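> My structure file protein-v3.txt, compact mmCIF, C-alpha atoms and all ligand atoms, is below:
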```
# COMPACT_ATOMS: atom_id res chain seq x y z
CA MET A 11 -7.20 -118.06 -57.90
CA ASN A 12 -8.81 -120.57 -55.53
CA GLU A 13 -8.73 -121.94 -51.99
CA THR A 14 -5.22 -123.38 -52.50
CA HIS A 15 -3.89 -119.79 -52.57
CA ASP A 16 -5.52 -118.59 -49.34
CA PRO A 17 -2.62 -117.20 -47.27
CA GLN A 18 -4.52 -117.79 -44.01
CA THR A 19 -4.63 -121.58 -44.37
CA LYS A 20 -2.08 -123.36 -42.20
CA SER A 21 -0.73 -126.88 -42.32
CA TRP A 22 -0.64 -129.39 -39.46
CA VAL A 23 3.00 -129.88 -40.54
CA THR A 24 4.18 -127.07 -38.29
CA SER A 25 7.50 -126.41 -40.07
CA ALA A 26 5.46 -125.35 -43.13
CA ASN A 27 4.03 -122.43 -41.16
CA GLN A 28 7.39 -120.87 -40.24
CA PRO A 29 8.01 -117.42 -41.74
CA GLY A 30 10.47 -117.63 -44.61
CA CYS A 31 9.80 -121.32 -45.27
CA ASP A 32 10.07 -122.10 -49.01
CA PHE A 33 7.43 -124.81 -48.89
CA PRO A 34 4.30 -123.64 -47.08
CA LEU A 35 0.91 -125.19 -47.81
CA GLN A 36 0.35 -122.71 -50.65
CA ASN A 37 3.35 -124.09 -52.60
CA LEU A 38 3.11 -127.93 -52.77
CA PRO A 39 5.93 -128.46 -55.30
CA PHE A 40 6.45 -131.82 -57.01
CA GLY A 41 9.70 -133.80 -57.01
CA VAL A 42 11.08 -137.32 -57.14
CA PHE A 43 13.03 -138.65 -54.18
CA ARG A 44 14.31 -141.81 -52.61
CA ARG A 45 15.25 -142.71 -49.08
CA LYS A 46 19.03 -142.76 -49.13
CA ASN A 47 20.19 -145.77 -51.18
CA HIS A 48 16.90 -147.42 -50.45
CA ASP A 49 14.89 -147.78 -53.63
CA ASP A 50 14.32 -146.40 -57.11
CA GLY A 51 12.41 -143.41 -55.85
CA GLY A 52 9.03 -141.95 -56.51
CA ILE A 53 7.02 -138.78 -56.54
CA GLY A 54 6.87 -136.62 -53.43
CA ILE A 55 5.64 -133.22 -52.32
CA ALA A 56 7.66 -130.80 -50.21
CA ILE A 57 5.81 -129.45 -47.17
CA GLY A 58 7.87 -127.49 -44.65
CA ASP A 59 10.99 -129.53 -43.91
CA GLN A 60 9.19 -132.77 -44.81
CA VAL A 61 8.57 -134.82 -47.93
CA PHE A 62 5.15 -136.35 -48.36
CA ASP A 63 5.56 -139.72 -50.09
CA VAL A 64 2.73 -139.29 -52.57
CA ARG A 65 3.68 -142.41 -54.47
CA ALA A 66 3.21 -144.62 -51.42
CA TRP A 67 0.09 -142.75 -50.38
CA ALA A 68 -1.44 -143.13 -53.83
CA ARG A 69 -0.52 -146.79 -53.96
CA ASP A 70 -1.95 -147.55 -50.52
CA GLN A 71 -4.84 -145.14 -50.21
CA GLY A 72 -5.78 -143.31 -53.33
CA LYS A 73 -5.06 -145.28 -56.45
CA SER A 74 -8.68 -145.30 -57.47
CA SER A 75 -8.75 -141.49 -57.51
CA ALA A 76 -7.97 -139.92 -60.87
CA GLU A 77 -5.92 -137.10 -59.36
CA PHE A 78 -3.49 -139.47 -57.62
CA ALA A 79 -3.42 -142.43 -60.02
CA LEU A 80 -0.61 -141.00 -62.18
CA LEU A 81 1.48 -140.14 -59.14
CA THR A 82 2.36 -143.81 -58.60
CA GLU A 83 4.58 -143.62 -61.69
CA PRO A 84 8.36 -143.43 -61.12
CA ARG A 85 8.65 -140.00 -62.79
CA LEU A 86 6.33 -137.04 -63.37
CA ASN A 87 5.95 -137.41 -67.17
CA PRO A 88 2.55 -139.20 -67.28
CA PHE A 89 1.17 -136.71 -64.75
CA LEU A 90 2.56 -133.80 -66.80
CA ALA A 91 0.88 -135.18 -69.93
CA ALA A 92 -2.50 -135.32 -68.17
CA GLY A 93 -2.96 -131.53 -68.27
CA PRO A 94 -4.15 -128.67 -66.07
CA GLN A 95 -7.39 -130.22 -64.76
CA VAL A 96 -5.57 -133.23 -63.31
CA TRP A 97 -2.75 -131.02 -61.92
CA SER A 98 -5.27 -128.78 -60.26
CA ALA A 99 -7.29 -131.66 -58.82
CA ALA A 100 -4.13 -133.17 -57.33
CA ARG A 101 -3.14 -129.84 -55.79
CA LYS A 102 -6.53 -129.44 -54.17
CA ALA A 103 -6.51 -133.04 -52.87
CA LEU A 104 -3.04 -132.45 -51.36
CA LEU A 105 -4.26 -129.28 -49.67
CA LEU A 106 -7.14 -131.19 -48.06
CA LEU A 107 -4.74 -133.83 -46.70
CA LEU A 108 -2.14 -131.41 -45.35
CA ARG A 109 -4.12 -128.48 -44.00
CA GLU A 110 -4.94 -127.95 -40.34
CA GLY A 111 -7.87 -130.04 -39.20
CA ALA A 112 -7.51 -132.65 -41.96
CA PRO A 113 -9.35 -135.78 -40.75
CA GLN A 114 -6.67 -138.10 -42.23
CA ARG A 115 -3.84 -136.35 -40.46
CA GLU A 116 -2.61 -139.32 -38.44
CA LEU A 117 -2.61 -141.61 -41.43
CA VAL A 118 -0.88 -139.06 -43.71
CA ALA A 119 1.78 -138.43 -41.05
CA ARG A 120 3.04 -141.98 -41.61
CA TYR A 121 3.94 -141.00 -45.17
CA LEU A 122 6.16 -138.07 -44.18
CA ASP A 123 9.93 -138.15 -43.99
CA SER A 124 12.43 -135.41 -43.20
CA VAL A 125 13.94 -133.79 -46.31
CA SER A 126 17.35 -134.43 -44.75
CA ASN A 127 16.70 -138.19 -44.89
CA VAL A 128 16.06 -138.33 -48.62
CA GLU A 129 17.97 -137.93 -51.84
CA MET A 130 16.39 -135.95 -54.67
CA LEU A 131 16.40 -137.40 -58.18
CA MET A 132 15.50 -136.00 -61.61
CA PRO A 133 11.76 -135.30 -61.36
CA MET A 134 11.02 -136.24 -64.96
CA THR A 135 12.62 -137.69 -68.05
CA ILE A 136 13.66 -134.70 -70.14
CA SER A 137 13.57 -135.55 -73.84
CA ASP A 138 14.58 -132.15 -75.13
CA TYR A 139 16.07 -128.98 -73.73
CA THR A 140 15.88 -125.55 -75.32
CA ASP A 141 17.58 -122.51 -73.86
CA PHE A 142 16.37 -119.01 -74.68
CA TYR A 143 18.08 -115.63 -74.26
CA ALA A 144 15.15 -113.64 -72.97
CA SER A 145 16.88 -110.91 -70.92
CA VAL A 146 17.68 -107.90 -73.08
CA PHE A 147 20.06 -106.72 -70.34
CA HIS A 148 22.01 -109.99 -70.46
CA ALA A 149 22.04 -109.98 -74.26
CA THR A 150 23.28 -106.38 -74.32
CA ASN A 151 25.98 -107.03 -71.68
CA VAL A 152 27.29 -110.15 -73.42
CA GLY A 153 27.10 -108.48 -76.83
CA SER A 154 29.09 -105.49 -75.52
CA MET A 155 31.92 -107.80 -74.50
CA PHE A 156 31.92 -110.18 -77.47
CA ARG A 157 31.06 -107.60 -80.18
CA PRO A 158 31.73 -104.08 -78.83
CA ASP A 159 30.72 -102.44 -82.12
CA ASN A 160 27.46 -104.31 -82.40
CA PRO A 161 26.18 -105.37 -78.96
CA LEU A 162 22.52 -106.15 -79.63
CA LEU A 163 21.88 -107.82 -82.97
CA PRO A 164 18.95 -106.41 -84.97
CA ASN A 165 16.81 -109.55 -84.66
CA TYR A 166 16.76 -109.48 -80.84
CA LYS A 167 13.63 -107.38 -80.34
CA TRP A 168 11.68 -109.39 -82.95
CA VAL A 169 12.68 -113.01 -82.34
CA PRO A 170 12.87 -114.80 -78.97
CA ILE A 171 16.42 -116.06 -79.56
CA GLY A 172 17.25 -119.59 -78.41
CA TYR A 173 19.32 -122.66 -79.13
CA HIS A 174 18.78 -126.37 -78.73
CA GLY A 175 20.65 -127.59 -75.67
CA ARG A 176 21.53 -131.08 -74.61
CA ALA A 177 19.07 -133.06 -72.47
CA SER A 178 21.49 -135.90 -71.66
CA SER A 179 23.75 -133.68 -69.52
CA ILE A 180 21.04 -132.13 -67.36
CA VAL A 181 21.74 -133.04 -63.73
CA ILE A 182 19.95 -132.61 -60.45
CA SER A 183 21.08 -129.99 -57.93
CA GLY A 184 24.03 -131.19 -55.85
CA THR A 185 25.68 -133.14 -58.66
CA PRO A 186 29.35 -132.09 -58.95
CA VAL A 187 30.21 -130.34 -62.22
CA LYS A 188 33.44 -131.40 -63.90
CA ARG A 189 35.48 -128.62 -65.48
CA PRO A 190 35.28 -129.17 -69.21
CA SER A 191 38.16 -129.02 -71.64
CA GLY A 192 37.78 -127.38 -75.00
CA GLN A 193 39.23 -125.37 -77.81
CA ARG A 194 39.84 -121.71 -77.13
CA LYS A 195 41.78 -118.91 -78.75
CA PRO A 196 42.68 -115.79 -76.80
CA THR A 197 42.42 -112.72 -79.05
CA THR A 198 46.17 -112.22 -78.69
CA ALA A 199 47.01 -115.76 -79.87
CA GLU A 200 47.54 -116.76 -83.48
CA THR A 201 46.02 -120.22 -83.18
CA PRO A 202 43.71 -122.04 -80.75
CA THR A 203 44.77 -124.59 -78.16
CA PHE A 204 42.89 -127.40 -76.43
CA GLY A 205 42.79 -127.64 -72.64
CA PRO A 206 40.80 -127.11 -69.44
CA CYS A 207 38.32 -124.23 -69.58
CA ALA A 208 39.86 -121.13 -67.96
CA GLN A 209 36.69 -119.03 -67.91
CA LEU A 210 34.10 -121.30 -66.34
CA ASP A 211 30.86 -119.53 -65.44
CA TYR A 212 27.30 -120.06 -64.24
CA GLU A 213 24.10 -118.67 -65.74
CA LEU A 214 21.18 -117.96 -63.41
CA GLU A 215 18.05 -119.13 -65.20
CA VAL A 216 14.46 -120.18 -64.63
CA GLY A 217 13.41 -123.44 -66.28
CA ALA A 218 9.87 -124.11 -67.50
CA ILE A 219 8.67 -127.73 -67.52
CA VAL A 220 6.38 -128.58 -70.41
CA GLY A 221 3.09 -130.25 -69.47
CA GLN A 222 0.98 -131.40 -72.41
CA GLY A 223 2.88 -131.23 -75.66
CA ASN A 224 1.69 -130.50 -79.18
CA ALA A 225 1.50 -132.70 -82.27
CA LEU A 226 4.19 -132.22 -84.90
CA GLY A 227 2.97 -129.58 -87.34
CA GLU A 228 0.47 -128.00 -84.92
CA PRO A 229 1.72 -124.76 -83.37
CA ILE A 230 0.58 -123.71 -79.87
CA PRO A 231 -0.99 -120.25 -80.19
CA LEU A 232 0.07 -117.74 -77.56
CA LYS A 233 -3.39 -117.65 -76.00
CA ASN A 234 -3.03 -121.38 -75.16
CA ALA A 235 0.68 -121.39 -74.31
CA ALA A 236 0.28 -120.97 -70.54
CA GLN A 237 -1.76 -124.19 -70.32
CA HIS A 238 1.19 -126.14 -71.73
CA ILE A 239 3.59 -125.19 -68.94
CA PHE A 240 3.29 -127.28 -65.79
CA GLY A 241 5.68 -125.39 -63.57
CA LEU A 242 9.08 -123.84 -62.99
CA CYS A 243 12.42 -124.69 -61.42
CA LEU A 244 15.77 -122.94 -61.04
CA SER A 245 18.39 -123.81 -63.61
CA ASN A 246 22.13 -123.27 -63.94
CA ASP A 247 23.32 -123.27 -67.54
CA TRP A 248 27.04 -123.76 -66.81
CA SER A 249 29.08 -122.04 -69.50
CA ALA A 250 32.69 -122.19 -70.70
CA ARG A 251 33.18 -118.58 -71.81
CA ASP A 252 36.57 -119.03 -73.48
CA VAL A 253 35.26 -121.98 -75.50
CA GLN A 254 32.04 -120.09 -76.27
CA ALA A 255 33.84 -116.99 -77.59
CA TRP A 256 35.77 -119.06 -80.13
CA GLU A 257 33.11 -121.55 -81.23
CA TYR A 258 29.82 -119.62 -81.23
CA GLN A 259 29.86 -118.14 -84.72
CA PRO A 260 28.07 -118.88 -86.98
CA LEU A 261 25.80 -121.57 -85.48
CA GLY A 262 25.61 -120.59 -81.79
CA PRO A 263 26.56 -122.33 -78.54
CA PHE A 264 27.75 -125.94 -78.68
CA LEU A 265 30.39 -127.52 -76.42
CA ALA A 266 30.64 -124.38 -74.27
CA LYS A 267 27.18 -125.20 -72.91
CA ASN A 268 26.39 -128.88 -73.22
CA PHE A 269 28.72 -130.37 -70.60
CA ALA A 270 26.25 -129.76 -67.73
CA THR A 271 23.04 -127.97 -66.80
CA SER A 272 21.82 -128.23 -63.20
CA ILE A 273 18.17 -127.95 -62.12
CA SER A 274 16.57 -127.57 -58.71
CA PRO A 275 14.67 -130.69 -57.62
CA TRP A 276 11.26 -129.21 -56.77
CA ILE A 277 8.94 -128.13 -59.59
CA VAL A 278 6.73 -125.27 -58.43
CA SER A 279 3.46 -125.45 -60.36
CA MET A 280 2.15 -122.53 -62.39
CA GLU A 281 -0.99 -122.76 -60.29
CA ALA A 282 1.06 -122.10 -57.14
CA LEU A 283 2.70 -119.16 -58.93
CA GLU A 284 -0.60 -117.61 -60.03
CA PRO A 285 -0.60 -114.85 -57.33
CA TYR A 286 2.79 -113.58 -58.52
CA ARG A 287 1.86 -113.10 -62.18
CA THR A 288 2.49 -109.62 -63.44
CA ALA A 289 2.50 -107.55 -66.62
CA ALA A 290 5.00 -108.38 -69.33
CA PHE A 291 8.15 -106.24 -69.59
CA LYS A 292 7.32 -102.72 -70.71
CA ARG A 293 9.20 -102.14 -73.92
CA PRO A 294 10.92 -98.77 -74.03
CA GLU A 295 9.71 -96.12 -76.44
CA GLY A 296 11.03 -96.85 -79.91
CA ASP A 297 11.20 -100.65 -79.55
CA PRO A 298 9.10 -102.59 -82.05
CA GLN A 299 5.87 -104.21 -80.88
CA PRO A 300 5.87 -108.02 -81.05
CA LEU A 301 4.52 -109.53 -84.28
CA PRO A 302 0.87 -110.65 -84.01
CA TYR A 303 1.67 -114.31 -83.19
CA LEU A 304 3.71 -113.05 -80.19
CA ALA A 305 1.18 -110.48 -79.01
CA GLU A 306 -1.85 -111.30 -76.92
CA GLU A 307 -3.72 -109.27 -74.32
CA GLN A 308 -3.71 -111.83 -71.49
CA ASP A 309 0.00 -112.49 -71.96
CA GLN A 310 0.80 -108.77 -71.95
CA GLN A 311 -1.26 -108.24 -68.77
CA HIS A 312 -0.20 -111.33 -66.77
CA GLY A 313 2.48 -113.23 -68.71
CA ALA A 314 5.49 -112.28 -66.58
CA LEU A 315 6.31 -113.45 -63.04
CA ASP A 316 7.49 -111.49 -60.03
CA LEU A 317 10.17 -113.88 -58.74
CA TRP A 318 13.25 -112.87 -56.77
CA LEU A 319 16.39 -114.76 -57.74
CA ASP A 320 19.60 -114.77 -55.71
CA VAL A 321 23.03 -116.22 -56.43
CA TYR A 322 25.20 -117.30 -53.50
CA PHE A 323 28.79 -118.42 -53.76
CA SER A 324 31.42 -120.14 -51.62
CA THR A 325 34.99 -121.24 -52.13
CA ARG A 326 36.69 -124.18 -50.46
CA LYS A 327 38.58 -121.74 -48.22
CA MET A 328 35.35 -119.98 -47.24
CA ARG A 329 33.85 -123.30 -46.18
CA GLU A 330 37.00 -124.29 -44.28
CA GLU A 331 36.95 -120.96 -42.45
CA LYS A 332 33.20 -121.31 -41.82
CA VAL A 333 32.43 -118.16 -43.80
CA ALA A 334 28.81 -118.15 -44.95
CA PRO A 335 28.15 -118.20 -48.71
CA LEU A 336 28.33 -114.68 -50.16
CA ARG A 337 25.42 -113.29 -52.13
CA LEU A 338 26.69 -112.22 -55.55
CA SER A 339 23.45 -110.97 -57.10
CA HIS A 340 19.79 -110.24 -56.50
CA GLY A 341 17.43 -109.83 -59.44
CA ASN A 342 13.85 -110.29 -60.54
CA PHE A 343 12.40 -112.49 -63.26
CA ARG A 344 9.88 -109.81 -64.23
CA ASP A 345 12.70 -108.00 -66.09
CA MET A 346 12.74 -110.53 -68.96
CA TYR A 347 12.05 -109.11 -72.44
CA TRP A 348 10.03 -112.18 -73.50
CA THR A 349 7.49 -114.20 -71.47
CA PHE A 350 7.51 -118.01 -71.28
CA GLY A 351 4.23 -117.86 -73.21
CA GLN A 352 5.94 -116.05 -76.07
CA MET A 353 8.82 -118.53 -75.95
CA VAL A 354 6.43 -121.52 -76.21
CA ALA A 355 4.41 -119.86 -79.00
CA HIS A 356 7.58 -119.01 -80.91
CA HIS A 357 9.16 -122.44 -80.36
CA THR A 358 6.13 -124.21 -81.82
CA SER A 359 5.26 -121.56 -84.44
CA ASN A 360 6.94 -123.62 -87.17
CA GLY A 361 5.20 -126.82 -86.06
CA CYS A 362 8.03 -128.05 -83.82
CA ASN A 363 6.58 -130.43 -81.23
CA LEU A 364 7.16 -130.10 -77.49
CA GLN A 365 6.81 -133.15 -75.24
CA PRO A 366 5.79 -133.59 -71.61
CA GLY A 367 8.84 -133.01 -69.40
CA ASP A 368 10.81 -130.90 -71.89
CA LEU A 369 12.89 -128.18 -70.25
CA ILE A 370 12.72 -124.63 -71.58
CA GLY A 371 15.40 -122.37 -70.11
CA SER A 372 14.67 -118.65 -69.88
CA GLY A 373 18.23 -117.58 -70.59
CA THR A 374 20.34 -115.76 -68.02
CA VAL A 375 18.21 -113.55 -65.80
CA SER A 376 19.93 -110.18 -65.63
CA GLY A 377 18.33 -106.86 -64.75
CA ASN A 378 19.16 -103.27 -65.46
CA THR A 379 21.52 -102.82 -62.50
CA LYS A 380 24.92 -104.31 -61.68
CA LYS A 381 23.48 -106.05 -58.60
CA ALA A 382 21.05 -107.94 -60.84
CA ARG A 383 23.58 -109.52 -63.23
CA GLY A 384 23.07 -113.29 -63.47
CA SER A 385 26.53 -114.48 -64.52
CA LEU A 386 30.17 -113.94 -63.51
CA LEU A 387 30.90 -112.86 -67.07
CA GLU A 388 28.71 -109.82 -66.45
CA LEU A 389 29.54 -109.27 -62.75
CA THR A 390 33.31 -109.20 -63.40
CA TRP A 391 32.96 -107.79 -66.92
CA ARG A 392 34.84 -110.75 -68.39
CA GLY A 393 37.41 -110.66 -65.60
CA ALA A 394 38.19 -106.92 -65.73
CA GLU A 395 36.56 -106.30 -62.33
CA PRO A 396 37.29 -109.31 -60.10
CA ILE A 397 35.02 -110.01 -57.12
CA SER A 398 36.66 -109.68 -53.70
CA LEU A 399 35.75 -112.36 -51.17
CA PRO A 400 35.75 -112.18 -47.33
CA THR A 401 38.72 -114.60 -47.16
CA GLY A 402 40.94 -112.22 -49.16
CA GLU A 403 40.51 -114.37 -52.27
CA SER A 404 39.14 -112.97 -55.50
CA ARG A 405 37.37 -114.40 -58.52
CA LYS A 406 37.08 -113.58 -62.20
CA PHE A 407 35.62 -116.97 -63.08
CA LEU A 408 34.95 -120.25 -61.23
CA GLU A 409 37.79 -122.25 -59.71
CA ASP A 410 37.82 -125.88 -58.62
CA GLY A 411 36.08 -126.29 -55.27
CA ASP A 412 33.82 -123.28 -55.81
CA GLU A 413 30.13 -123.84 -55.12
CA VAL A 414 27.31 -121.86 -56.75
CA ILE A 415 23.91 -121.79 -55.03
CA PHE A 416 20.76 -120.33 -56.58
CA ARG A 417 17.73 -119.48 -54.47
CA GLY A 418 14.41 -118.15 -55.68
CA TYR A 419 11.16 -117.03 -54.07
CA ALA A 420 7.97 -115.11 -54.67
CA GLU A 421 6.32 -112.80 -52.19
CA ARG A 422 3.57 -110.29 -52.56
CA GLU A 423 1.36 -108.30 -50.21
CA GLY A 424 -1.72 -110.33 -49.29
CA HIS A 425 -0.22 -113.66 -50.37
CA ALA A 426 1.96 -116.36 -48.88
CA ARG A 427 5.69 -116.35 -49.60
CA ILE A 428 6.70 -119.43 -51.59
CA GLY A 429 10.17 -120.57 -52.64
CA PHE A 430 11.99 -122.89 -55.01
CA GLY A 431 14.53 -124.34 -52.58
CA GLU A 432 18.06 -124.40 -53.99
CA CYS A 433 19.96 -125.27 -57.13
CA ARG A 434 23.55 -126.13 -56.14
CA GLY A 435 26.64 -127.23 -57.97
CA MET A 436 30.31 -127.51 -57.07
CA ILE A 437 33.15 -127.37 -59.60
CA VAL A 438 35.56 -130.29 -59.58
CA GLY A 439 38.77 -130.50 -61.58
MN MN B 501 21.83 -120.00 -70.97
```
For this file, write the structure as structure tokens.

Amino acid sequence: MNETHDPQTKSWVTSANQPGCDFPLQNLPFGVFRRKNHDDGGIGIAIGDQVFDVRAWARDQGKSSAEFALLTEPRLNPFLAAGPQVWSAARKALLLLLREGAPQRELVARYLDSVSNVEMLMPMTISDYTDFYASVFHATNVGSMFRPDNPLLPNYKWVPIGYHGRASSIVISGTPVKRPSGQRKPTTAETPTFGPCAQLDYELEVGAIVGQGNALGEPIPLKNAAQHIFGLCLSNDWSARDVQAWEYQPLGPFLAKNFATSISPWIVSMEALEPYRTAAFKRPEGDPQPLPYLAEEQDQQHGALDLWLDVYFSTRKMREEKVAPLRLSHGNFRDMYWTFGQMVAHHTSNGCNLQPGDLIGSGTVSGNTKKARGSLLELTWRGAEPISLPTGESRKFLEDGDEVIFRGYAEREGHARIGFGECRGMIVG
């Protein structure tokens, strides 16, 4: 850790110093924004309730400096490709501009705008998207419903299971999600029918953004995997459960998943998350140890992250009646069976190449308790236990007009609290 993690350092942007603020000086997440309908957008940093227009700053003031030169690009990809030294130098330079007593304060203040005045865009071009299945609790819950006799398949504790998702349908938080149609066959029906999804669901996930990639044919060993991840965001892997149940065998998810995936707009760097690293999930007695290419001391000691993840929910009626969004779940990312390092090492172990800006989804984050279940499928047990809402409504799955809001944050004794902001999406018919 370094001076950018010091919890005592305050910003001259006073909103960043408020307790509970997601974006204090210790966070400095990267995003791409534009002033509403104003231009094509560029890279910015969230600080308190403000956005620092790094693109304009770099263009006007700092283009000769290596740490800011790549931040004049329209998206983060060239910066991501530059690697940890450049990321770290930029973070430190930003700290020096935004901390209390910064000599350039008055000049920098001209490059701030209120978050409420800007529109967030996709922070990077995502060439490829892979979604893992790294929560053993989620895998066991889903398996119990889809295959009661055989909930957890025998490969689960050996292989970080994943599938290749669809990059073209990844959308930024706030983008409405259109209910997909698809083929589904209730167990009681003889034949399938085609029509609107009747079991639409969310999946609470953490997304890792790839920094430097690897050449085709050259695996990333686990000991180097952490250096290839730039940062994390929140991700909603919207899922059509009725379509999924019918289509998923034998090749895995397809149209049940690829109609939309939402991500939160601010990418929190791994450097900002350093204080919240923690030991990898402790495998229960009797579970196999990971194979050697998935086992490494540093990763076992510090490869997991202590992040709290909450799901909030509102219906159209709740909003009309001014009822606040209801929290549906509260879980922690440290409960994942596999670390992001293991996922990167496994993904590239056959020589598959990752590219800067690729999105790697963790899989649904579910914990050991009912409160920590990261999907409606699990919370309602496939509709058997509907959720009661303050308006008298109830839900088994998502209805049109429903809005799902993810929030995430890290806090630990002796360190600042930092957050991810929100990942939102509303269902439209
Ligand atoms: Mn998923």
> Find, counting all atoms listed in the file, the residue in A:Arg383, A:Arg326, A:His48, A:Arg101 that gets nearest to A:Glu403.
A:Arg326
> Which residues, written as a ChimeraX atom specification, have at least one atom at most 9 Å from stretch 147-163 of chain A, with only C-alpha atoms counted and residues fewer than 2 positions away on the same chain left out?
/A:143-145,165-167,255,345-347,373-379,383-385,387-388,391-392
> When distances are computed from only C-alpha atoms, which of A:Gly424, A:Pro229, A:Thr401, A:Leu283 shows the smallest separation from A:Glu331?
A:Thr401
> Every residue with an atom at most 12 Å from (10.7, -134.9, -50.0) (file coordinates; all atoms listed in the file) is what I'm after, so could you write them as a PyMOL selection string?
chain A and resi 33+38-46+51-65+121-131+133+275-277+431
> A:Phe407, A:Trp22, A:Phe78, A:Tyr212: which is nearest ligand MN 501 (chain B), counting all atoms listed in the file?
A:Tyr212
> Nearest residue to ligand MN 501 (chain B) out of A:Gly429, A:Pro231, A:Gly172, A:Pro285, using all atoms listed in the file?
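Looking only at the distances to ligand MN 501 (chain B), the closest residue turns out to be A:Gly172.
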> May I ask which of the residues A:Gly205, A:Pro88, A:Gly184, A:Gly371 is the closest one to A:Met132, counting all atoms listed in the file?
A:Gly184
> Taking only C-alpha atoms and all ligand atoms into account, which residues have an atom no farther than 8 Å from ligand MN 501 (chain B)? I'd like them as a list of chain:residue names.
A:Asp141, A:Phe142, A:Tyr143, A:Glu213, A:Leu214, A:Glu215, A:Asn246, A:Asp247, A:Trp248, A:Ser249, A:Lys267, A:Gly371, A:Ser372, A:Gly373, A:Thr374
> Please report the interatomic distance between atom CA of A:Glu228 and atom CA of A:Asp368 in Å with one decimal.
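Between atom CA of A:Glu228 and atom CA of A:Asp368 the gap works out to 16.9 Å.
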